[in-house]
Amino acid sequence: MNTISFKTLGCRLNLYETDALASKFRARGFVTDGDFENSDAEIFVINTCTITNQSDKKSREYINRAIRKGSLVVVTGCMAEQYAKKYLPDNARVIVVDNKHKNMICEIVEAHLSGEFNGVENYKGDVFGFLPAKETFHTRSIVKIQDGCNNFCSYCIVPYVRGRAVSRPAEDILLNIKTELEYGFKEIVLTGVNISKYNYNGVGFEDLIKQILEIDNDFRLRIASIEPDDFSDSFVQLFKNPKLAPHIHLCLQSGSNDVLKRMHRHYTREEFLGIVDKFRAIIPDFNFTTDIIVGLPGETENDFAQTLEVASKIGFGHIHAFKYSRRSGTLADKMDNQIDEKIKNKRSKILRDLSEKLSSDYLQKMIGKRQILLTETVENDGFIYGYGENYVRIKMKMFDGVKTNEFYTVKIVGVEGDVLIGEKV
Ligand code: 5AD
Ligand code: SF4
């Protein structure tokens with residue numbers, strides 16, 4: 001039997017695609033292994049990311065390590081094509097599969113093993129051609145509803161590597177979710193590149209969420225990363241449904257209107273704050289997490305101060321701080337006033353410190369409140385760990401009969417580092 005190991009870099013979409021591929025390989029008799037570091041597999045799949053220079057570098061490192069370890073290496077994901085052009089040593093043991101053909105990796109590997117492989121372009125690629133995963137490398141089930149992006153934010157390479165926005169038919173999404181629920185998953189995470197732009201034959205994002213919430217089963221639905229948009233009142237009202245988790249990763253990118261304009265983001269800081277207020281008017285402790293980029297060309301100290309101010313006002317539960325990284329072919333790469341690396345490092349450190357403080361404040365505010373904990377892992381400290389609906393990590397004391405992948409209502413009684421302590425009620 002062949003053993004195949006996976007390494008995923010980057011976003012949730014990549015995680016979803018890896019899960020689906022691994023599940024397909026298992027169904028076809030391969031042994032799969034999610035532990036790249038300790039793996040002695042013959043075949044490796046490296047699902048790369050190219051969002052920043054750092055992601056490229058990490059992806060290359062994993063590819064090179066896989067080439068040293070395995071007898072066959074599949075390089076896929078957003079860096080794959082670039083990698084093939086720039087760095088690929090002439091190596092018959094390495095197959096590069098672009099994003100469009102990622103769903104066919106299983107067939108491609110099998111053909112390679114039987115000596116019948118004659119080029120990736122001979123396979124029918126489909127960005128939604130992934131089957132529901134039966135087992136995954138984590139507890140939540142990720143479901144892809146959309147791919148690509150038409151926004152062309154000035155710093156971002158994604159529209160070039162994932163292509164234009166496309167939505168998956170709603171029937172397929174509902175069927176995929178129902179299958180995942182039958183497999184026993186209790187939390188579904190919707191993912192895509194720009195999911196609020198979901199639209200398939202007139203079914204928009206809000207309609208889709210409504211249809212999913214109608215599925216008669218004990219589960220919760222989480223919307224992963226989403227772009228600020230004109231969220232309607234009726235969309236916001238949907239969060240009153242306890243099945244819809246009161247947390248979204250809403251990408252701010254900057255708190256300065258000048259920078260937002262140069263980023264080609266289509267909102268102002270005031271509009272962003274307005275969105276947050278709208279959600280919190282319904283659910284006061286709604287958790288917002290976010291991505292922020294520091295050091296876009298021309299970002300002044302004052303711009304950066306405005307970002308800090310907006311972030312503090314909102315009280316993000318977590319900030320993913322990115323240092324602006326030049327991506328060849330994007331508009332920002334050609335802008336004047338590129339910011340010195342030292343300044344980016346300094347701003348990034350300040351932002352990470354602020355993120356820690358805001359997270360800690362947010363957790364403190366949860367004390368005395370209730371959460372529904374979905375248990376994931378048992379640690380040897382006598383506690384079972386998982387996440388609450390607000391996407392806060394919670395630990396609960398073990399007791400007879402306690403199980404993983406089960407919902408428990410807990411009262412938050414304390415905080416320990418970045419983990420809440422919950423008592424079963
Ligand atoms: N440099 C730094 N961060 C970037 N992101 C996207 N492009 C770049 C870039 N060129 C960040 C954005 C996005 C996240 C996925 O990656 O914050 O939300
Ligand atoms: Fe990139 Fe902007 Fe599209 Fe997000 S919305 S993928 S940041 S271009």
# chains A, B, ... in the order shown; residues from 1 in each chain; ligands from 1

$ residues_near_ligand --ligand "ligand 1" --cutoff "10 Å" --atoms "only C-alpha atoms and all ligand atoms" --output "tab-separated table (two decimals) with C-alpha atoms, in the first residue's frame"
chain	number	residue	atom	x	y	z
A	10	GLY	CA	-1.90	29.30	3.69
A	11	CYS	CA	-5.64	29.68	3.86
A	12	ARG	CA	-8.68	27.62	4.85
A	50	THR	CA	2.01	32.70	-2.37
A	51	ILE	CA	0.22	35.49	-0.48
A	52	THR	CA	3.55	37.00	0.69
A	53	ASN	CA	7.26	36.46	0.02
A	54	GLN	CA	7.37	34.61	3.30
A	55	SER	CA	4.70	32.16	2.11
A	153	CYS	CA	-6.95	45.02	-4.14
A	154	SER	CA	-3.73	46.78	-5.11
A	155	TYR	CA	-1.46	44.60	-2.93
A	156	CYS	CA	-3.01	41.21	-3.62
A	157	ILE	CA	-1.85	38.41	-5.92
A	158	VAL	CA	-4.88	36.17	-5.28
A	193	VAL	CA	-11.82	33.60	-1.49
A	225	SER	CA	-13.22	35.10	6.37
A	226	ILE	CA	-15.42	37.70	4.74
A	227	GLU	CA	-14.95	41.07	3.06
A	249	HIS	CA	-13.24	37.26	10.36
A	250	LEU	CA	-13.87	40.67	8.80
A	251	CYS	CA	-10.82	41.99	6.96
A	252	LEU	CA	-10.05	45.60	7.90
A	253	GLN	CA	-6.59	45.80	6.21
A	254	SER	CA	-6.17	49.43	7.35
A	290	THR	CA	-9.38	40.50	11.27
A	291	ASP	CA	-6.44	40.83	8.88
A	292	ILE	CA	-4.43	44.05	8.85
A	293	ILE	CA	-1.53	44.93	6.55
A	294	VAL	CA	1.15	47.31	7.80
A	295	GLY	CA	3.53	49.18	5.53
A	296	LEU	CA	1.60	49.59	2.29
A	319	ILE	CA	-5.65	40.48	14.60
A	320	HIS	CA	-3.62	38.69	11.98
A	321	ALA	CA	-0.89	41.24	11.27
A	322	PHE	CA	0.72	41.06	7.82
A	323	LYS	CA	3.78	43.03	6.80
A	324	TYR	CA	3.17	44.36	3.30
A	325	SER	CA	5.02	42.19	0.84
A	326	ARG	CA	5.65	43.22	-2.78
A	327	ARG	CA	3.95	40.89	-5.25
A	328	SER	CA	5.12	41.16	-8.79
A	330	THR	CA	0.19	43.93	-8.60
A	332	ALA	CA	1.11	48.34	-5.20
A	333	ASP	CA	4.37	46.81	-6.38

$ closest_atom_pairs --of "stretch 93-199 of chain A" --to "stretch 30-36 of chain A" --cutoff "10 Å" --atoms "only C-alpha atoms" --output "CSV"
residue,atom,partner,partner_atom,distance
A:Cys106,CA,A:Phe30,CA,9.9
A:Thr136,CA,A:Gly34,CA,9.3
A:Phe137,CA,A:Gly34,CA,6.6

$ closest_residue --among "A:Gly388, A:Gly119, A:Pro169, A:Gly255" --to "A:Arg222" --atoms "only C-alpha atoms"
A:Gly388

$ atom_distance --atom1 "atom CA of A:Ala41" --atom2 "atom CA of A:Val73"
10.4 Å

$ atom_distance --atom1 "atom CA of A:Lys411" --atom2 "atom CA of A:Gln371"
6.5 Å

$ atom_distance --atom1 "atom CA of A:Gln237" --atom2 "atom CA of A:Phe407"
23.6 Å

$ select_by_dssp --residues "stretch 110-252 of chain A" --states "strand (DSSP E or B)" --output "list in words"
Ser141, Ile142, Val143, Lys144, Gln146, Asp147, Val166, Ser167, Glu187, Ile188, Val189, Leu190, Thr191, Asn199, Tyr200, Val203, Gly204, Arg220, Leu221, Arg222, Ile223, Ser225, Ile226, Leu244, His247, Ile248, His249 and Leu250 of chain A

$ residues_around --residues "A:Thr179" --least-positions-apart "6" --cutoff "12 Å" --atoms "only C-alpha atoms" --output "count of residues only"
14
